[in-house]
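Data from target_32.txt: compact mmCIF, C-alpha atoms
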# COMPACT_ATOMS: atom_id res chain seq x y z
CA MET C 1 146.06 28.10 -53.09
CA ASN C 2 145.14 29.18 -49.63
CA GLY C 3 142.71 28.21 -46.93
CA ALA C 4 139.90 30.44 -48.15
CA HIS C 5 136.74 28.88 -49.48
CA ALA C 6 136.19 28.79 -53.21
CA THR C 7 133.83 31.44 -54.47
CA ASP C 8 130.99 31.07 -56.93
CA GLY C 9 133.15 32.87 -59.47
CA GLY C 10 135.63 30.05 -59.92
CA GLU C 11 136.74 26.57 -58.88
CA THR C 12 139.65 26.04 -56.52
CA ARG C 13 142.27 24.06 -58.40
CA LEU C 14 143.25 20.73 -56.87
CA SER C 15 146.02 18.35 -57.83
CA ARG C 16 144.86 15.44 -55.66
CA TYR C 17 143.05 15.50 -52.33
CA GLU C 18 142.28 12.30 -50.42
CA ILE C 19 139.50 11.98 -47.83
CA ARG C 20 138.59 9.01 -45.64
CA LEU C 21 135.26 8.99 -43.79
CA SER C 22 135.28 6.24 -41.20
CA GLY C 23 133.33 4.83 -38.29
CA LEU C 24 130.95 2.00 -37.57
CA GLY C 25 128.03 0.48 -39.41
CA GLY C 26 124.85 2.38 -38.61
CA GLN C 27 126.55 5.81 -38.53
CA GLY C 28 125.69 6.58 -42.14
CA ILE C 29 129.28 6.60 -43.39
CA LEU C 30 128.51 5.20 -46.84
CA THR C 31 125.66 7.65 -47.39
CA LEU C 32 127.91 10.48 -46.23
CA GLY C 33 130.57 9.51 -48.77
CA LYS C 34 128.04 9.17 -51.58
CA LEU C 35 126.48 12.59 -50.93
CA LEU C 36 129.84 14.34 -50.54
CA GLY C 37 131.19 12.72 -53.68
CA GLN C 38 128.12 13.59 -55.74
CA ALA C 39 128.19 17.20 -54.60
CA LEU C 40 131.89 17.65 -55.37
CA ALA C 41 131.58 15.95 -58.77
CA LEU C 42 128.23 17.16 -60.09
CA GLY C 43 127.90 20.41 -58.17
CA HIS C 44 131.49 21.65 -58.11
CA GLY C 45 132.77 20.02 -61.28
CA TYR C 46 135.66 18.05 -59.81
CA CYS C 47 136.84 14.63 -60.86
CA VAL C 48 135.95 12.32 -57.96
CA THR C 49 136.49 8.64 -57.30
CA GLN C 50 134.80 6.86 -54.41
CA THR C 51 135.61 3.51 -52.83
CA GLN C 52 133.64 1.99 -49.98
CA SER C 53 134.37 -0.75 -47.47
CA TYR C 54 132.10 -2.23 -44.83
CA GLY C 55 132.46 -4.99 -42.28
CA PRO C 56 130.49 -8.23 -42.00
CA GLU C 57 127.89 -6.71 -39.65
CA ALA C 58 125.30 -4.19 -40.83
CA ARG C 59 125.62 -2.30 -37.55
CA GLY C 60 128.67 -2.18 -35.33
CA GLY C 61 131.20 -3.37 -37.92
CA ALA C 62 133.87 -1.14 -39.41
CA SER C 63 132.73 1.14 -42.22
CA ARG C 64 134.58 3.61 -44.41
CA SER C 65 134.16 5.64 -47.55
CA ASP C 66 137.16 7.08 -49.40
CA LEU C 67 137.14 9.97 -51.85
CA VAL C 68 139.85 11.20 -54.18
CA VAL C 69 139.15 14.69 -55.51
CA SER C 70 141.05 16.46 -58.28
CA SER C 71 140.72 19.11 -60.96
CA GLU C 72 142.47 16.69 -63.31
CA PRO C 73 141.59 13.14 -64.38
CA ILE C 74 142.48 10.68 -61.60
CA SER C 75 144.96 8.00 -62.60
CA TYR C 76 144.73 5.95 -59.37
CA PRO C 77 141.29 5.83 -57.71
CA LYS C 78 142.13 4.59 -54.20
CA ALA C 79 142.97 6.77 -51.20
CA GLU C 80 146.19 5.70 -49.47
CA TYR C 81 147.85 8.96 -48.36
CA LEU C 82 145.12 10.93 -46.63
CA ASP C 83 144.73 14.69 -46.48
CA LEU C 84 141.63 14.45 -44.27
CA LEU C 85 140.63 11.60 -41.96
CA VAL C 86 137.18 11.78 -40.36
CA ALA C 87 136.89 9.21 -37.56
CA LEU C 88 133.60 8.66 -35.75
CA SER C 89 134.80 5.74 -33.63
CA GLN C 90 137.82 4.77 -31.56
CA GLN C 91 138.38 1.79 -33.83
CA ALA C 92 138.52 4.03 -36.90
CA VAL C 93 141.25 6.22 -35.41
CA GLY C 94 143.34 3.19 -34.49
CA SER C 95 142.90 1.59 -37.89
CA TYR C 96 143.45 4.55 -40.19
CA TYR C 97 145.50 7.24 -38.51
CA HIS C 98 148.77 5.90 -39.94
CA TYR C 99 147.44 6.62 -43.45
CA LEU C 100 147.20 10.35 -42.68
CA LYS C 101 149.84 12.66 -44.16
CA PRO C 102 152.15 14.36 -41.64
CA LYS C 103 150.32 17.64 -42.19
CA GLY C 104 146.94 16.04 -42.79
CA THR C 105 143.83 16.85 -40.74
CA LEU C 106 142.22 14.49 -38.23
CA LEU C 107 138.56 15.23 -37.42
CA ILE C 108 136.89 13.14 -34.71
CA ASP C 109 133.65 12.73 -32.82
CA SER C 110 134.97 14.06 -29.51
CA ASP C 111 132.49 12.05 -27.44
CA LEU C 112 133.15 8.70 -29.10
CA VAL C 113 136.91 8.98 -29.63
CA ARG C 114 138.54 9.34 -26.21
CA GLN C 115 142.13 8.56 -27.17
CA THR C 116 144.00 9.93 -30.17
CA PRO C 117 147.54 9.11 -31.34
CA THR C 118 148.28 12.83 -31.63
CA THR C 119 147.45 16.03 -29.78
CA VAL C 120 146.88 17.81 -33.09
CA PHE C 121 143.30 17.14 -34.15
CA LEU C 122 139.89 18.76 -34.56
CA GLY C 123 136.81 17.47 -32.76
CA LEU C 124 133.11 18.07 -32.34
CA PRO C 125 130.49 15.93 -30.55
CA PHE C 126 128.70 15.06 -33.79
CA THR C 127 126.47 12.34 -32.39
CA ARG C 128 125.43 14.45 -29.41
CA LEU C 129 124.70 17.43 -31.67
CA ALA C 130 122.44 15.26 -33.82
CA ARG C 131 120.64 13.89 -30.78
CA GLU C 132 120.23 17.16 -28.87
CA ARG C 133 119.96 19.77 -31.62
CA ILE C 134 118.19 17.77 -34.32
CA GLY C 135 116.39 15.16 -32.19
CA ASN C 136 117.51 12.37 -34.47
CA VAL C 137 120.82 10.55 -34.00
CA GLN C 138 120.53 9.16 -37.54
CA SER C 139 121.28 12.66 -38.84
CA THR C 140 124.81 12.49 -37.41
CA ASN C 141 126.28 11.99 -40.87
CA MET C 142 124.67 15.23 -42.09
CA VAL C 143 126.11 17.13 -39.13
CA VAL C 144 129.50 15.74 -40.14
CA LEU C 145 128.89 16.75 -43.77
CA GLY C 146 128.22 20.33 -42.70
CA SER C 147 131.45 20.48 -40.71
CA VAL C 148 133.48 18.88 -43.50
CA THR C 149 132.04 21.39 -45.97
CA TYR C 150 133.22 24.23 -43.76
CA LEU C 151 136.70 22.77 -43.40
CA LEU C 152 137.26 22.02 -47.10
CA PRO C 153 138.36 25.25 -48.80
CA PHE C 154 137.18 23.99 -52.17
CA ALA C 155 133.62 23.16 -51.03
CA ARG C 156 130.94 25.84 -51.41
CA SER C 157 128.21 25.62 -48.79
CA GLU C 158 125.39 26.81 -51.06
CA THR C 159 126.38 24.31 -53.74
CA MET C 160 126.40 21.55 -51.14
CA ARG C 161 122.93 22.54 -49.93
CA LYS C 162 121.56 22.54 -53.48
CA SER C 163 123.04 19.10 -54.06
CA LEU C 164 121.44 17.79 -50.85
CA LYS C 165 118.06 19.22 -51.80
CA ALA C 166 118.25 17.42 -55.13
CA ALA C 167 119.43 14.11 -53.66
CA LEU C 168 117.23 13.75 -50.56
CA PRO C 169 113.58 12.61 -50.53
CA ASP C 170 111.02 15.23 -49.52
CA LYS C 171 110.15 13.61 -46.19
CA ILE C 172 113.73 13.78 -44.83
CA ARG C 173 115.04 16.85 -46.67
CA ALA C 174 114.25 19.47 -44.04
CA VAL C 175 115.72 17.60 -41.06
CA ASN C 176 118.89 16.74 -42.95
CA LEU C 177 119.42 20.29 -44.16
CA LYS C 178 118.97 21.46 -40.57
CA ALA C 179 121.60 18.95 -39.47
CA PHE C 180 123.95 20.13 -42.23
CA ASN C 181 123.54 23.73 -41.10
CA VAL C 182 124.21 22.81 -37.46
CA GLY C 183 127.43 21.04 -38.44
CA TYR C 184 128.56 23.93 -40.60
CA GLN C 185 127.90 26.57 -37.93
CA GLU C 186 129.47 24.52 -35.13
CA ALA C 187 132.60 24.01 -37.22
CA LYS C 188 132.76 27.70 -38.06
CA LYS C 189 132.39 28.55 -34.36
CA TYR C 190 134.80 26.03 -32.84
CA LEU C 191 137.19 24.60 -35.45
CA GLY C 192 139.03 27.73 -36.55
CA GLN C 193 139.93 28.46 -40.15
CA PRO C 194 139.25 26.09 -43.05
CA ILE C 195 142.05 23.70 -43.96
CA ALA C 196 144.91 25.37 -45.80
CA ILE C 197 145.92 23.59 -48.99
CA MET C 198 149.42 24.10 -50.33
CA GLU C 199 149.78 24.60 -54.04
CA THR C 200 151.02 21.46 -55.81
CA SER C 201 151.92 20.39 -59.32
CA GLN C 202 149.30 19.10 -61.69
CA ALA C 203 148.12 15.54 -61.20
CA ASP C 204 149.26 12.68 -63.37
CA GLY C 205 146.94 11.24 -65.97
CA GLN C 206 145.57 14.52 -67.29
CA ASP C 207 145.21 13.03 -70.76
CA GLU C 208 142.77 10.41 -69.48
CA GLU C 209 139.03 10.85 -69.70
CA CYS C 210 137.74 12.55 -66.54
CA MET C 211 135.33 10.50 -64.46
CA ASP C 212 132.77 12.58 -62.58
CA LEU C 213 132.20 9.89 -59.98
CA THR C 214 133.37 6.31 -59.64
CA ASN C 215 131.77 4.20 -56.93
CA THR C 216 133.35 0.90 -55.92
CA MET C 217 132.09 -1.17 -53.00
CA ALA C 218 134.08 -3.85 -51.21
CA LYS C 219 133.19 -6.04 -48.27
CA ASP C 220 135.96 -6.66 -45.72
Take the structure from the file and write it as structure tokens.
Amino acid sequence: MNGAHATDGGETRLSRYEIRLSGLGGQGILTLGKLLGQALALGHGYCVTQTQSYGPEARGGASRSDLVVSSEPISYPKAEYLDLLVALSQQAVGSYYHYLKPKGTLLIDSDLVRQTPTTVFLGLPFTRLARERIGNVQSTNMVVLGSVTYLLPFARSETMRKSLKAALPDKIRAVNLKAFNVGYQEAKKYLGQPIAIMETSQADGQDEECMDLTNTMAKD
């Protein structure tokens, strides 16, 4: 495999790819994980498991959504050795960076995360882009989704857009698709090439029944 995006002619094969979306309550992390997971499972045909964790406060507490994505049935559903960590708060970086693989990718909100444990990371001002370009800070998670879609070589942008159109209510569809497009274009402009994925052996558990999407919620 290489860093090129998958084409409509065929699916990029994945052994196991772990993603953690993290930040604070009120940033739309859980919705972001749900929409990304649905699109990768139902739109792209991958096996996807999703686990969610949120703090005791609805807003301001820690929040995360983990995805495991594979072309094969997934034998262990939890993400513990991350390929991609998205951190939208300083707390999230401090809490989860040590779970990132040595060659994993760290993506941050460059306005909200001022200190990183490494000089190797990608960053965009997601919250500011939502506020200034969309006029709605609540669309930050869709800006992030657009950027993540660009960075993931197995995610097809048109398939993601179709999934969003199907999942979002009419009254918020247009603004969220605009936010997605802003995130995608900003990532394409400033974040370089999509993430390169090294070819790996097939995942364990291929004889198990493939789950399209598993959603588990846990309260810290």
Restrict the calculation to only C-alpha atoms, then for each residue of region 14-121 of chain C with any atom at most 9 Å from an atom of region 159-179 of chain C give the closest atom pair and their distance in Å to one decimal, rows by chain and rising residue number, as a Markdown table.
| residue | atom | partner | partner_atom | distance |
| --- | --- | --- | --- | --- |
| C:Leu35 | CA | C:Leu164 | CA | 7.2 |
| C:Leu36 | CA | C:Met160 | CA | 8.0 |
| C:Gln38 | CA | C:Ser163 | CA | 7.7 |
| C:Ala39 | CA | C:Ser163 | CA | 5.5 |
| C:Leu40 | CA | C:Met160 | CA | 8.0 |
| C:Leu42 | CA | C:Ser163 | CA | 8.2 |
| C:Gly43 | CA | C:Thr159 | CA | 6.1 |
| C:His44 | CA | C:Thr159 | CA | 7.2 |
List every residue of region 89-162 of chain C that has an atom at most 12 Å from any atom of region 24-32 of chain C, and for each one report the closest atom pair and its distance in Å to one decimal, counting all atoms listed in the file, with rows sorted by chain and then by increasing residue number, as a Markdown table.
| residue | atom | partner | partner_atom | distance |
| --- | --- | --- | --- | --- |
| C:Ser89 | CA | C:Leu24 | CA | 6.7 |
| C:Gln90 | CA | C:Leu24 | CA | 9.5 |
| C:Gln91 | CA | C:Leu24 | CA | 8.3 |
| C:Ala92 | CA | C:Leu24 | CA | 7.9 |
| C:Val93 | CA | C:Leu24 | CA | 11.3 |
| C:Ser95 | CA | C:Leu24 | CA | 12.0 |
| C:Asp109 | CA | C:Gln27 | CA | 11.4 |
| C:Leu112 | CA | C:Leu24 | CA | 11.0 |
| C:Phe126 | CA | C:Gln27 | CA | 10.6 |
| C:Thr127 | CA | C:Gln27 | CA | 9.0 |
| C:Ala130 | CA | C:Gln27 | CA | 11.3 |
| C:Asn136 | CA | C:Gln27 | CA | 11.9 |
| C:Val137 | CA | C:Gln27 | CA | 8.7 |
| C:Gln138 | CA | C:Gln27 | CA | 7.0 |
| C:Ser139 | CA | C:Gly28 | CA | 8.2 |
| C:Thr140 | CA | C:Gln27 | CA | 7.0 |
| C:Asn141 | CA | C:Gly28 | CA | 5.6 |
| C:Met142 | CA | C:Leu32 | CA | 7.1 |
| C:Val143 | CA | C:Leu32 | CA | 9.9 |
| C:Val144 | CA | C:Leu32 | CA | 8.2 |
| C:Leu145 | CA | C:Leu32 | CA | 6.8 |
| C:Gly146 | CA | C:Leu32 | CA | 10.5 |
| C:Ser147 | CA | C:Leu32 | CA | 12.0 |
| C:Val148 | CA | C:Leu32 | CA | 10.4 |
| C:Thr149 | CA | C:Leu32 | CA | 11.7 |
Contact check, region 71-127 of chain C to region 194-197 of chain C, at most 10 Å, counting all atoms listed in the file, closest pairs as a tab-separated table:
residue	atom	partner	partner_atom	distance
C:Asp83	CA	C:Ile197	CA	9.3
C:Leu84	CA	C:Ile195	CA	9.3
C:Gly104	CA	C:Ile195	CA	9.2
C:Thr105	CA	C:Ile195	CA	7.8
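Compared by their closest atoms to Gly45 (chain C), and using only C-alpha atoms, the residues C:Glu132, C:Asp66, C:Glu11, C:Glu158 rank with C:Glu11 nearest.
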Checklist entry - What is the CA of Lys188 (chain C)-CA of Thr51 (chain C) distance in Å, reported with one decimal? => result 28.5 Å
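For the pair CA of Leu14 (chain C) and CA of Cys47 (chain C), the interatomic distance is 9.7 Å.
Nearest residue to Leu122 (chain C) among C:Leu191, C:Val182, C:Leu67, C:Ile74 is C:Leu191, counting all atoms listed in the file.
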Item to check | For Val86 (chain C), the nearest of the candidates C:Tyr184, C:Pro153, C:Leu107, C:Tyr54, counting only C-alpha atoms | outcome: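 Selected residue with least distance to Val86 (chain C): C:Leu107.
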Checklist entry - Separation of CA of Tyr76 (chain C) and CA of Gly23 (chain C), in Å? => result 24.0 Å
Work out where the centre of an axis-aligned box around every listed atom of region 144-151 of chain C lies and how long its edges are once 5 Å is added on each side; give both in Å to one decimal as JSON.
{"center_x": 132.5, "center_y": 20.0, "center_z": -43.1, "size_x": 18.5, "size_y": 18.5, "size_z": 15.8}
Checklist entry - Which is closer to Val68 (chain C) than all the others in C:Gly33, C:Pro117, C:Gly94, C:Pro102, using only C-alpha atoms? => result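 Checking each candidate against Val68 (chain C), we get C:Gly33 as the closest.
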Return region 179-198 of chain C, completed with N, CA and C atoms, as an mmCIF file, in the frame of the given file.
data_model
loop_
_atom_site.group_PDB
_atom_site.id
_atom_site.type_symbol
_atom_site.label_atom_id
_atom_site.label_comp_id
_atom_site.auth_asym_id
_atom_site.auth_seq_id
_atom_site.Cartn_x
_atom_site.Cartn_y
_atom_site.Cartn_z
ATOM 1 N N ALA C 179 120.413 19.581 -40.033
ATOM 2 C CA ALA C 179 121.600 18.950 -39.470
ATOM 3 C C ALA C 179 122.869 19.448 -40.159
ATOM 4 N N PHE C 180 122.819 19.582 -41.477
ATOM 5 C CA PHE C 180 123.950 20.130 -42.230
ATOM 6 C C PHE C 180 124.305 21.524 -41.731
ATOM 7 N N ASN C 181 123.301 22.364 -41.553
ATOM 8 C CA ASN C 181 123.540 23.730 -41.100
ATOM 9 C C ASN C 181 124.127 23.774 -39.694
ATOM 10 N N VAL C 182 123.656 22.885 -38.815
ATOM 11 C CA VAL C 182 124.210 22.810 -37.460
ATOM 12 C C VAL C 182 125.692 22.444 -37.526
ATOM 13 N N GLY C 183 126.039 21.446 -38.317
ATOM 14 C CA GLY C 183 127.430 21.040 -38.440
ATOM 15 C C GLY C 183 128.310 22.139 -39.005
ATOM 16 N N TYR C 184 127.790 22.848 -39.998
ATOM 17 C CA TYR C 184 128.560 23.930 -40.600
ATOM 18 C C TYR C 184 128.817 25.049 -39.594
ATOM 19 N N GLN C 185 127.773 25.464 -38.882
ATOM 20 C CA GLN C 185 127.900 26.570 -37.930
ATOM 21 C C GLN C 185 128.766 26.193 -36.728
ATOM 22 N N GLU C 186 128.636 24.962 -36.254
ATOM 23 C CA GLU C 186 129.470 24.520 -35.130
ATOM 24 C C GLU C 186 130.944 24.474 -35.525
ATOM 25 N N ALA C 187 131.226 24.026 -36.744
ATOM 26 C CA ALA C 187 132.600 24.010 -37.220
ATOM 27 C C ALA C 187 133.143 25.428 -37.356
ATOM 28 N N LYS C 188 132.339 26.305 -37.902
ATOM 29 C CA LYS C 188 132.760 27.700 -38.060
ATOM 30 C C LYS C 188 133.030 28.352 -36.712
ATOM 31 N N LYS C 189 132.270 27.950 -35.693
ATOM 32 C CA LYS C 189 132.390 28.550 -34.360
ATOM 33 C C LYS C 189 133.577 27.992 -33.586
ATOM 34 N N TYR C 190 133.843 26.686 -33.730
ATOM 35 C CA TYR C 190 134.800 26.030 -32.840
ATOM 36 C C TYR C 190 136.057 25.479 -33.500
ATOM 37 N N LEU C 191 136.072 25.302 -34.811
ATOM 38 C CA LEU C 191 137.190 24.600 -35.450
ATOM 39 C C LEU C 191 138.202 25.519 -36.121
ATOM 40 N N GLY C 192 138.045 26.817 -35.981
ATOM 41 C CA GLY C 192 139.030 27.730 -36.550
ATOM 42 C C GLY C 192 138.851 27.921 -38.041
ATOM 43 N N GLN C 193 139.959 28.191 -38.719
ATOM 44 C CA GLN C 193 139.930 28.460 -40.150
ATOM 45 C C GLN C 193 139.800 27.162 -40.952
ATOM 46 N N PRO C 194 139.258 27.267 -42.174
ATOM 47 C CA PRO C 194 139.250 26.090 -43.050
ATOM 48 C C PRO C 194 140.665 25.572 -43.290
ATOM 49 N N ILE C 195 140.756 24.341 -43.722
ATOM 50 C CA ILE C 195 142.050 23.700 -43.960
ATOM 51 C C ILE C 195 142.806 24.449 -45.059
ATOM 52 N N ALA C 196 144.065 24.736 -44.798
ATOM 53 C CA ALA C 196 144.910 25.370 -45.800
ATOM 54 C C ALA C 196 145.491 24.304 -46.721
ATOM 55 N N ILE C 197 145.410 24.532 -48.008
ATOM 56 C CA ILE C 197 145.920 23.590 -48.990
ATOM 57 C C ILE C 197 147.087 24.234 -49.721
ATOM 58 N N MET C 198 148.236 23.590 -49.655
ATOM 59 C CA MET C 198 149.420 24.100 -50.330
ATOM 60 C C MET C 198 149.310 23.822 -51.819
#
